[in-house]
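Notes to accompany the following structure.
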Amino acid sequence: MPPFYELIAETSHHWELLEDLSGRTEYCSPSCLALTGFGPDHFLGQTDVLPRLAHATSRHEMEAFLAGLRNGPLNEHRCLELRIVVEDGLSRWVVCHARRVASAEGPSFLRATLRDISRRKALDLELSSSRLKDPITGLYNRAWCMEHLERQLERKHNGGHFTVAVVDIDRLKKVNDTLGPAYGDDIIRMAAERIASTIVQPDSAARISGDGFALIFQNKSPREVIKHIKHIQTIMSAPFALRGHEVTITASAGIVTSHMPGEKPEELLRNANIALRRAKANHHHRYKVFHTRMFEESSRLMEIEIDLTSGLRHGEFFLVYQPIVCLETKRLTSLEALLRWKHPRHGLMQPDEFLPVAEATDFIVPLGEWVLRQACTDMVALLAEHPELDKLSMSVNISARQLAQHDISETVAVVLRETGMDATRLKLEITETVAMEDPALTAQRLHIIRALGVRISIDDFGTGYSSLSSLQNFPIDTIKVDKSFVGRMDSSAGQRKIVRSVISLAHSLNLDVVAEGIELREQWAMLKVLDCQNGQGFLFSHPVEVDVLRAFIDKQKPPVRP
Ligand code: C2E
Ligand code: MG
Ligand code: MG
């Protein structure tokens with residue numbers, strides 16, 4: 001070797017190695033001492049130095065690497081990161097760059113350069129573990145959860161089973177809104193601690209969204225998982241002490257077992273979330289176990305949710321009107337606007353099929369405004385054609401979400417102004433259950449609406465277990481007796497008694513009464529005896545489109561005397 005080549009090799013910071021193709025070490029630079037703790041004499045003349053130095057976890061890879069070099073093309077550069085075991089028995093990470101080179105004399109050798117990368121590896125490891133940790137709670141994060149579920153799904157093919165529970169803190173948004181986001185973070189941190197205190201390996205917990213955690217249970221029966229979730233719900237309900245505030249929260253959970261269909265982590269979490277949404281909608285059992293039917297139902301609901309927006313844009317909604325008549329004279333006193341949807345694929349849809357979705361997604365707010373506007377527009381047109389209907393009013397149903405809008409009275413006022421509808425002819429119907437959900441807010445909203453001149457009806461009265469006197473704080477004009485009572489009054493003396501007392505109580509409070517769902521002449525006759533003024537039902541008319549309604553009105557006109 002010319003002297004300066006030797007000088008370069010002998011003073012290199014990296015470990016320079018030259019082996020013949022049988023694996024015998026021909027040259028070894030002194031820097032091996034710094035890297036391995038052994039001097040060059042330890043390696044010179046030895047065979048298979050690198051595979052023997054490789055850590056057990058890297059040995060197989062090293063052998064394949066060397067075989068590739070020996071059998072591969074001349075001068076092709078290859079590189080491998082591996083762990084080696086050094087003199088003190090500890091391990092170190094090195095990167096090995098190597099190629100097969102030909103000497104001037106003919107035979108070829110393997111030339112390898114090894115460099116210590118332990119520091120970089122340690123940093124990498126730290127980084128990758130922080131990449132998988134949630135900074136607020138110290139639990140694993142969503143990325144980890146997805147990788148872990150991926151591994152669990154692989155294990156499932158070898159007979160292992162697991163269960164995923166998604167646990168969600170209810171109403172965290174309310175804490176954020178009222179106390180500020182810092183308090184929200186505190187709650188999440190404390191809730192995570194409470195959850196983590198229940199988890200024992202090999203089960204695990206991760207924070208997968210703002211207020212959501214995923215718990216992964218190994219080989220546990222659904223019964224055991226449910227017991228665990230109930231325990232978490234109990235310890236979550238103990239008050240949290242937050243810088244002078246005491247906050248109480250609840251948690252809901254959706255559970256999915258690995259026996260259910262779902263081959264991807266995303267599918268498992270989606271199914272657990274479907275169950276979670278169900279749990280949240282049910283106030284009594286705040287956990288639900290996913291089953292396939294839930295997915296089918298939720299797909300249909302999701303489809304409806306998507307179609308609602310385009311339905312409103314494309315004019316697929318329309319109103320039918322059901323006459324409300326004076327029971328004594330059978331003359332028309334009012335109309336109730338009822339919503340229908342001509343769905344492009346499902347055909348005609350009734351409100352109970354799509355209103356719950358519209359309410360859950362707040363779509364009821366623009367939809368309800370459309371109903372109000374359309375009903376007022378139709379009413380104004382109808383009155384222009386029939387000036388003799390000078391007492392006719394229009395009833396429009398209003399849902400809880402609409403009433404919760406702070407600008408509901410402005411919306412009503414704008415619609416009245418824009419359609420030219422007389423406020424005193426409009427009646428808004430709210431169900432008893434909606435009214436009693438937040439009585440103070442309901443009363444406040446209704447007073448403002450009432451001040452516009454609009455009248456208020458309590459719909460489906462009798463279904464919500466509230467007494468008439470509890471409705472006294474609301475500025476109401478009319479009570480609508482629910483059709484379930486009317487429907488049974490001809491066969492049950494008890495039901496008849498209830499209807500009678502509702503009517504007389506309403507009269508004593510100066511309220512009008514409308515009986516809903518009158519289908520039989522007997523019911524009509526009994527209601528008249530009980531002094532109920534107004535009624536609606538299939539006996540008089542089904543809800544009908546405007547054109548049919550015109551015919552109904554024409555029939556009511558007294559015959560013109562010659
Ligand atoms: P509701 O306000 O109590 O309306 C009366 C319901 O009873 C209507 O059902 C009507 O078709 C039905 N009905 C009328 N007469 C009879 C009868 O003699 N026998 C029987 N069995 N049923 C009768 P519909 O149209 O399916 O509406 C159901 C509910 O959906 C309504 O109950 C109301 O709560 C809600 N709804 C309908 N349209 C709207 C709307 O535009 N906005 C809101 N928020 N809710 C609406
Ligand atoms: Mg109604
Ligand atoms: Mg009703």
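In the structure tokens, each chain is lettered A, B, ... as it comes, each chain's residues begin at 1, and ligands are numbered from 1 in order of appearance.
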
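Neighbours of ligand 3 at a cut-off of 10 Å, computed so that only C-alpha atoms and all ligand atoms are counted, are the residues A:Glu336, A:Asn397, A:Glu429, A:Ile430, A:Thr431, A:Glu432, A:Ser457, A:Ile458, A:Asp459, A:Asp460, A:Phe461, A:Thr463, A:Ile479, A:Lys480, A:Val481, A:Asp482, A:Lys483, A:Ser484, A:Val514, A:Ala515, A:Glu516, A:Gly517, A:Gln536.
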
Ligand 1: which residues are within 7 Å, counting only C-alpha atoms and all ligand atoms? Reply as a ChimeraX atom specification.
/A:337-339,350-352,355,368,371,396-399,459-460,483,516-519,536-539,542-543

Within 9 Å of A:Cys79, counting only C-alpha atoms, which residues qualify if same-chain residues fewer than 5 places away don't, as a PyMOL selection string?
chain A and resi 65+95-99

All helix (DSSP H, G or I) positions in stretch 306-506 of chain A, as a PyMOL selection string
chain A and resi 306-313+351-360+364-385+400-404+408-419+423-425+432-437+439-451+468-471+483-488+493-506

Residues at most 12 Å from A:Lys174, counting only C-alpha atoms, excluding those fewer than 3 positions away in the same chain, as a JSON list (two decimals) with N, CA and C atoms, in the first residue's frame?
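Listing of selection_0.json after writing:
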[["chain", "number", "residue", "atom", "x", "y", "z"],
["A", 169, "ILE", "N", -65.90, 12.00, 26.86],
["A", 169, "ILE", "CA", -66.36, 12.85, 27.96],
["A", 169, "ILE", "C", -67.54, 13.67, 27.45],
["A", 170, "ASP", "N", -68.68, 13.53, 28.13],
["A", 170, "ASP", "CA", -69.87, 14.26, 27.69],
["A", 170, "ASP", "C", -69.74, 15.75, 28.03],
["A", 171, "ARG", "N", -70.22, 16.55, 27.15],
["A", 171, "ARG", "CA", -70.34, 17.99, 27.36],
["A", 171, "ARG", "C", -69.04, 18.70, 27.74],
["A", 177, "ASP", "N", -66.57, 26.22, 26.94],
["A", 177, "ASP", "CA", -67.28, 27.46, 26.65],
["A", 177, "ASP", "C", -67.51, 28.30, 27.90],
["A", 178, "THR", "N", -67.82, 27.64, 29.03],
["A", 178, "THR", "CA", -68.16, 28.44, 30.20],
["A", 178, "THR", "C", -66.93, 28.81, 31.03],
["A", 179, "LEU", "N", -65.96, 27.87, 31.18],
["A", 179, "LEU", "CA", -64.81, 28.17, 32.05],
["A", 179, "LEU", "C", -63.55, 28.51, 31.25],
["A", 180, "GLY", "N", -63.51, 28.15, 29.98],
["A", 180, "GLY", "CA", -62.32, 28.40, 29.16],
["A", 180, "GLY", "C", -61.58, 27.12, 28.83],
["A", 181, "PRO", "N", -60.81, 27.11, 27.71],
["A", 181, "PRO", "CA", -60.19, 25.87, 27.23],
["A", 181, "PRO", "C", -59.13, 25.31, 28.18],
["A", 183, "TYR", "N", -59.38, 24.99, 31.34],
["A", 183, "TYR", "CA", -60.08, 24.09, 32.25],
["A", 183, "TYR", "C", -60.42, 22.78, 31.54],
["A", 184, "GLY", "N", -60.78, 22.92, 30.26],
["A", 184, "GLY", "CA", -61.07, 21.73, 29.46],
["A", 184, "GLY", "C", -59.86, 20.80, 29.43],
["A", 187, "ILE", "N", -59.45, 18.99, 32.68],
["A", 187, "ILE", "CA", -60.41, 17.87, 32.81],
["A", 187, "ILE", "C", -59.88, 16.67, 32.03],
["A", 211, "ASP", "N", -61.92, 14.91, 23.15],
["A", 211, "ASP", "CA", -62.51, 14.42, 24.39],
["A", 211, "ASP", "C", -62.73, 12.91, 24.34],
["A", 247, "VAL", "N", -66.22, 20.60, 39.12],
["A", 247, "VAL", "CA", -66.92, 20.25, 37.87],
["A", 247, "VAL", "C", -67.23, 18.77, 37.87],
["A", 248, "THR", "N", -68.47, 18.46, 37.50],
["A", 248, "THR", "CA", -68.86, 17.05, 37.42],
["A", 248, "THR", "C", -69.10, 16.70, 35.95],
["A", 249, "ILE", "N", -68.57, 15.58, 35.54],
["A", 249, "ILE", "CA", -68.79, 15.18, 34.15],
["A", 249, "ILE", "C", -69.32, 13.74, 34.10]]

Please identify all polymer residues within 9 Å of A:Ala205, counting only C-alpha atoms, omitting same-chain residues fewer than 2 positions from it, and present them as a PyMOL selection string.
chain A and resi 139-141+145+192+195-196+199+203+207+213-217

Near stretch 308-320 of chain A, counting only C-alpha atoms, which residues have an atom at most 10 Å away, once you skip same-chain residues fewer than 4 positions from it, shown as a PyMOL selection string?
chain A and resi 302-304+335-344+348-349+354-355+357-358+363-364+366-367+370-371+374-375+378+542-549

Option closest in space to ligand 2, from A:Gly37, A:Gly160, A:Pro323, A:Pro261 [counting only C-alpha atoms and all ligand atoms]:
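With only C-alpha atoms and all ligand atoms as the atom set, the closest residue is A:Pro323.
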